[in-house]
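Here's the structure, in C-alpha cells; my notes come after.
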Amino acid sequence: FFNFDIWHIFHLGIAKGWIGSSLVVIIESDIPVLSGQRSVEAKFGQLTDMYKHFCRSNKLAMWVSELSRESLSWPQSSANPLGAWNKGSASTTLMLFLGWFAQAFIKGKTDNEQLLLIASRP
C-alpha cells in the first residue's frame, strides 16, 4: 500500500505546483495575448476559453473545468499557487496546454525571462 509511486508524486505534487506557478506568471505578465483584459479574473476567463478550445480540439478530458484563483488554490497575489485538482491526468492535460500556449504565444514573441522559462525545453 505504501509503495513509492513516482507517477502520483509528480502529477499530484510537483506538477501541481509548477503548473499553478506557470499560470500565475502568465496571468501576472504583460503578455500581448491577454493584454485586452484588465483584471486577473478576466485574464483567467480568457485563458479558460483557450484551455477549453485546446482540450476540445485535441479530444482531451477536462478534469479541470475552469482556470481560476480557486482551481489554483491562489487566493491572493502573495500566496503560492498549488493546483486544487485531485486527478493526476489533469496535470498531464494542463502541461500539454501550457506547451501549446508557450509555442503559440511565448516562444519568439516576448523577451520576458519568466515567460521564456515556462517555454523552455531541452
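Following the order of the C-alpha cells, chains are lettered A, B, ..., residues in each are numbered from 1, and ligands are numbered from 1.
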
Give me the residues within 9 Å of segment 24-28 of chain A as a list of chain:residue names, counting only C-alpha atoms and dropping any in the same chain fewer than 6 places off.
A:Leu34, A:Val40, A:Lys43, A:Phe44, A:Leu47, A:Leu72, A:Trp74, A:Ser77, A:Pro81, A:Gln114, A:Leu115, A:Ile118

Would you please extract all helix (DSSP H, G or I) residues from segment 18-94 of chain A, as assigned by DSSP on the backbone, and give them as a PyMOL selection string?
chain A and resi 18-28+32-34+40-57+88-94

Include C-alpha atoms and write out the residues we just selected as an mmCIF file, in the first residue's frame.
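Listing of out_8.cif after writing:
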```
data_model
loop_
_atom_site.group_PDB
_atom_site.id
_atom_site.type_symbol
_atom_site.label_atom_id
_atom_site.label_comp_id
_atom_site.auth_asym_id
_atom_site.auth_seq_id
_atom_site.Cartn_x
_atom_site.Cartn_y
_atom_site.Cartn_z
ATOM 1 C CA TRP A 18 4.784 24.046 -11.347
ATOM 2 C CA ILE A 19 1.587 24.369 -13.388
ATOM 3 C CA GLY A 20 -0.003 26.688 -10.835
ATOM 4 C CA SER A 21 3.091 28.889 -10.715
ATOM 5 C CA SER A 22 3.389 28.932 -14.503
ATOM 6 C CA LEU A 23 -0.226 30.002 -14.942
ATOM 7 C CA VAL A 24 0.217 32.766 -12.350
ATOM 8 C CA VAL A 25 3.322 34.044 -14.165
ATOM 9 C CA ILE A 26 1.261 34.161 -17.371
ATOM 10 C CA ILE A 27 -1.660 35.915 -15.657
ATOM 11 C CA GLU A 28 0.573 38.498 -13.968
ATOM 12 C CA PRO A 32 0.146 40.527 -25.542
ATOM 13 C CA VAL A 33 -2.466 37.770 -25.953
ATOM 14 C CA LEU A 34 -4.017 38.726 -22.587
ATOM 15 C CA VAL A 40 -6.970 38.893 -13.065
ATOM 16 C CA GLU A 41 -10.427 37.321 -13.285
ATOM 17 C CA ALA A 42 -10.855 38.482 -16.897
ATOM 18 C CA LYS A 43 -7.435 37.079 -17.791
ATOM 19 C CA PHE A 44 -8.380 33.768 -16.176
ATOM 20 C CA GLY A 45 -11.606 33.837 -18.206
ATOM 21 C CA GLN A 46 -9.746 34.277 -21.480
ATOM 22 C CA LEU A 47 -7.186 31.625 -20.515
ATOM 23 C CA THR A 48 -10.047 29.245 -19.606
ATOM 24 C CA ASP A 49 -11.641 29.765 -23.023
ATOM 25 C CA MET A 50 -8.317 28.980 -24.694
ATOM 26 C CA TYR A 51 -7.863 25.898 -22.480
ATOM 27 C CA LYS A 52 -11.363 24.600 -23.300
ATOM 28 C CA HIS A 53 -10.770 25.106 -27.019
ATOM 29 C CA PHE A 54 -7.415 23.317 -26.751
ATOM 30 C CA CYS A 55 -8.988 20.346 -24.945
ATOM 31 C CA ARG A 56 -11.868 20.046 -27.397
ATOM 32 C CA SER A 57 -9.563 20.356 -30.415
ATOM 33 C CA GLY A 88 -3.098 13.075 -11.979
ATOM 34 C CA SER A 89 -4.230 13.154 -15.596
ATOM 35 C CA ALA A 90 -5.445 16.732 -15.067
ATOM 36 C CA SER A 91 -1.794 17.692 -14.625
ATOM 37 C CA THR A 92 -0.950 15.961 -17.895
ATOM 38 C CA THR A 93 -3.658 17.853 -19.780
ATOM 39 C CA LEU A 94 -2.652 21.180 -18.237
#
```

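Of the residues under consideration (A:Ile6, A:Ser35, A:Ile14, A:Ala84), A:Ala84 shows the shortest atom-to-atom contact distance to Ser65 of chain A when counting only C-alpha atoms.
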
So the first atom is atom CA of Asp5 of chain A and the second is atom CA of Gly99 of chain A; what is the distance between them in Å, to one decimal place?
24.7 Å
